[in-house]
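Below is one structure, written out as C-alpha cells; comments come after it.
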Amino acid sequence: MGSIESSGSEVVTIDVQAAKDLLKSGYGYVDVRTVEEYKKGHVDAEKILNIPYLFNTPEGRVKNPQFLQEVSSACNKEDLLVVGCQSGVRSLSATTDLLTAGFKHANNMGGGYHAWVEHHFPVTKPEDAGKNNQEVDQRKKAEDEL
C-alpha cells in the first residue's frame with residue numbers, strides 16, 4: 001500500500017494534442033523555460049505565463065528559488081494548468097513541485113515546445129509580435145484619419 005500523500009501528487013503527462021485541446025477549453029499554460037527561450041517562440045495560448053523553473057548561470061542551471069511563489073501569485077491552486085518546457089524534462093519537475101504544493105490541476109505537457117512545433121501547432125514568435133504591433137499602429141492611424 002502506498003501512502004495517501006503520494007496519490008495526490010502523481011504527475012499526469014499528456015501529449016501535445018491533449019494539451020492543445022485543454023488550452024482551447026480554457027486551461028492556462030505555464031511555460032517554465034528561460035525568458036530567453038520563451039522570447040524565441042512559444043506555444044500560442046490565450047492564457048500564458050512564462051515562469052522559469054531553472055536559470056542559466058555560469059555554473060550551470062540552477063532552480064528558480066521563487067518558482068512556486070511566482071506561480072502562486074499568478075494562479076490559484078484550483079486553476080486548470082498545462083505546464084510545458086522545451087522537451088518535457090523541466091516541466092515534469094515543475095509539475096511535480098506544483099502538485100506537491102497543492103495545485104490540483106497541473107498537467108505536464110510531454111515533449112514540450114519541440115513536440116508542439118513538430119505537430120505544426122500554432123506558435124507565437126518575436127516577428128509575429130512585431131507584425132501585430134504594426135497592424136495595430138496602422139489601424140490606429142486609419143482611425144485617427146477618420
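Letters for chains follow the order of the C-alpha cells (A, B, ...), residue numbers begin at 1 for each chain, and ligand numbers begin at 1 in the order shown.
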* Run DSSP on the backbone and grab whatever in segment 72-104 of chain A lands in strand (DSSP E); send it over as a list in words. =>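 Going through segment 72-104 of chain A, the strand (DSSP E) residues come out as Leu80, Leu81, Val82, Val83 and Gly84 of chain A.
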File of the preceding selection, N, CA and C atoms, as a PDB file, in the first residue's frame:
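Saved result, part.pdb, follows:
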ATOM      1  N   LEU A  80      -6.783  25.467 -13.721  1.00  0.00           N
ATOM      2  CA  LEU A  80      -6.504  24.367 -14.644  1.00  0.00           C
ATOM      3  C   LEU A  80      -5.265  24.747 -15.439  1.00  0.00           C
ATOM      4  N   LEU A  81      -4.188  23.982 -15.290  1.00  0.00           N
ATOM      5  CA  LEU A  81      -2.910  24.376 -15.877  1.00  0.00           C
ATOM      6  C   LEU A  81      -2.281  23.266 -16.709  1.00  0.00           C
ATOM      7  N   VAL A  82      -1.658  23.683 -17.808  1.00  0.00           N
ATOM      8  CA  VAL A  82      -0.770  22.816 -18.576  1.00  0.00           C
ATOM      9  C   VAL A  82       0.615  23.422 -18.398  1.00  0.00           C
ATOM     10  N   VAL A  83       1.583  22.578 -18.017  1.00  0.00           N
ATOM     11  CA  VAL A  83       2.952  23.044 -17.774  1.00  0.00           C
ATOM     12  C   VAL A  83       3.840  22.499 -18.881  1.00  0.00           C
ATOM     13  N   GLY A  84       4.589  23.397 -19.524  1.00  0.00           N
ATOM     14  CA  GLY A  84       5.444  22.964 -20.622  1.00  0.00           C
ATOM     15  C   GLY A  84       6.813  23.610 -20.576  1.00  0.00           C
TER      16      GLY A  84
END
- Long-range neighbours of Ala101 of chain A as a VMD selection string, 10 Å cut-off, only C-alpha atoms, 3 positions minimum in chain: chain A and resid 9 68 72 77 95 to 98 104
For the selection just defined, write its residues with all heavy atoms to a file, as a short mmCIF file (atom, residue, chain, number, x, y, z; two decimals), in the first residue's frame.
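Final file, result_23.cif:
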data_model
loop_
_atom_site.label_atom_id
_atom_site.label_comp_id
_atom_site.auth_asym_id
_atom_site.auth_seq_id
_atom_site.Cartn_x
_atom_site.Cartn_y
_atom_site.Cartn_z
N SER A 9 -0.01 13.62 -5.63
CA SER A 9 0.98 14.31 -6.45
C SER A 9 1.50 13.45 -7.59
O SER A 9 2.65 13.56 -7.98
CB SER A 9 2.13 14.82 -5.58
OG SER A 9 2.73 13.74 -4.91
N LEU A 68 7.66 28.55 -7.08
CA LEU A 68 6.33 28.30 -6.53
C LEU A 68 5.65 29.59 -6.10
O LEU A 68 4.45 29.77 -6.29
CB LEU A 68 6.41 27.33 -5.35
CG LEU A 68 6.70 25.88 -5.74
CD1 LEU A 68 6.97 25.03 -4.50
CD2 LEU A 68 5.57 25.28 -6.56
N SER A 72 2.22 30.92 -7.57
CA SER A 72 1.14 31.16 -6.60
C SER A 72 0.61 32.59 -6.67
O SER A 72 -0.56 32.83 -6.41
CB SER A 72 1.65 30.88 -5.17
OG SER A 72 1.95 29.52 -5.04
N LYS A 77 -4.70 27.64 -6.60
CA LYS A 77 -4.45 26.20 -6.59
C LYS A 77 -5.56 25.40 -7.27
O LYS A 77 -5.39 24.21 -7.52
CB LYS A 77 -4.19 25.73 -5.16
CG LYS A 77 -2.89 26.33 -4.66
CD LYS A 77 -2.41 25.79 -3.36
CE LYS A 77 -1.04 26.39 -3.07
NZ LYS A 77 -0.51 26.04 -1.77
N THR A 95 5.91 20.43 -12.65
CA THR A 95 4.56 19.91 -12.37
C THR A 95 4.55 19.16 -11.04
O THR A 95 3.62 19.31 -10.25
CB THR A 95 4.07 19.01 -13.52
OG1 THR A 95 4.14 19.75 -14.75
CG2 THR A 95 2.64 18.56 -13.30
N THR A 96 5.59 18.37 -10.81
CA THR A 96 5.71 17.63 -9.54
C THR A 96 5.70 18.61 -8.38
O THR A 96 4.97 18.43 -7.39
CB THR A 96 7.01 16.79 -9.53
OG1 THR A 96 6.99 15.89 -10.62
CG2 THR A 96 7.15 16.01 -8.22
N ASP A 97 6.49 19.69 -8.49
CA ASP A 97 6.55 20.70 -7.43
C ASP A 97 5.19 21.37 -7.22
O ASP A 97 4.77 21.60 -6.09
CB ASP A 97 7.60 21.77 -7.74
CG ASP A 97 9.03 21.26 -7.53
OD1 ASP A 97 9.20 20.07 -7.22
OD2 ASP A 97 9.96 22.06 -7.68
N LEU A 98 4.51 21.68 -8.33
CA LEU A 98 3.21 22.34 -8.23
C LEU A 98 2.18 21.43 -7.55
O LEU A 98 1.43 21.88 -6.68
CB LEU A 98 2.71 22.77 -9.61
CG LEU A 98 3.47 23.92 -10.26
CD1 LEU A 98 3.05 24.09 -11.71
CD2 LEU A 98 3.27 25.22 -9.49
N LYS A 104 -3.97 21.47 -7.77
CA LYS A 104 -4.67 20.20 -8.02
C LYS A 104 -4.77 19.81 -9.49
O LYS A 104 -4.93 18.65 -9.82
CB LYS A 104 -6.08 20.28 -7.43
CG LYS A 104 -6.08 20.43 -5.92
CD LYS A 104 -7.52 20.55 -5.42
CE LYS A 104 -7.57 20.68 -3.91
NZ LYS A 104 -7.04 21.94 -3.41
#
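Checking A:Gly60, A:Pro52, A:Pro126, A:Gly112 one by one against Ala94 of chain A, counting only C-alpha atoms, you find the shortest gap at A:Pro52.
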If you count only C-alpha atoms, the residue of A:Glu59, A:Glu46, A:Asp79, A:Glu118 closest to Gln17 of chain A turns out to be A:Glu118
Counting only C-alpha atoms, the residue among A:Ile48, A:Val30, A:Cys75, A:Val16 that lies closest to Gly102 of chain A is A:Cys75
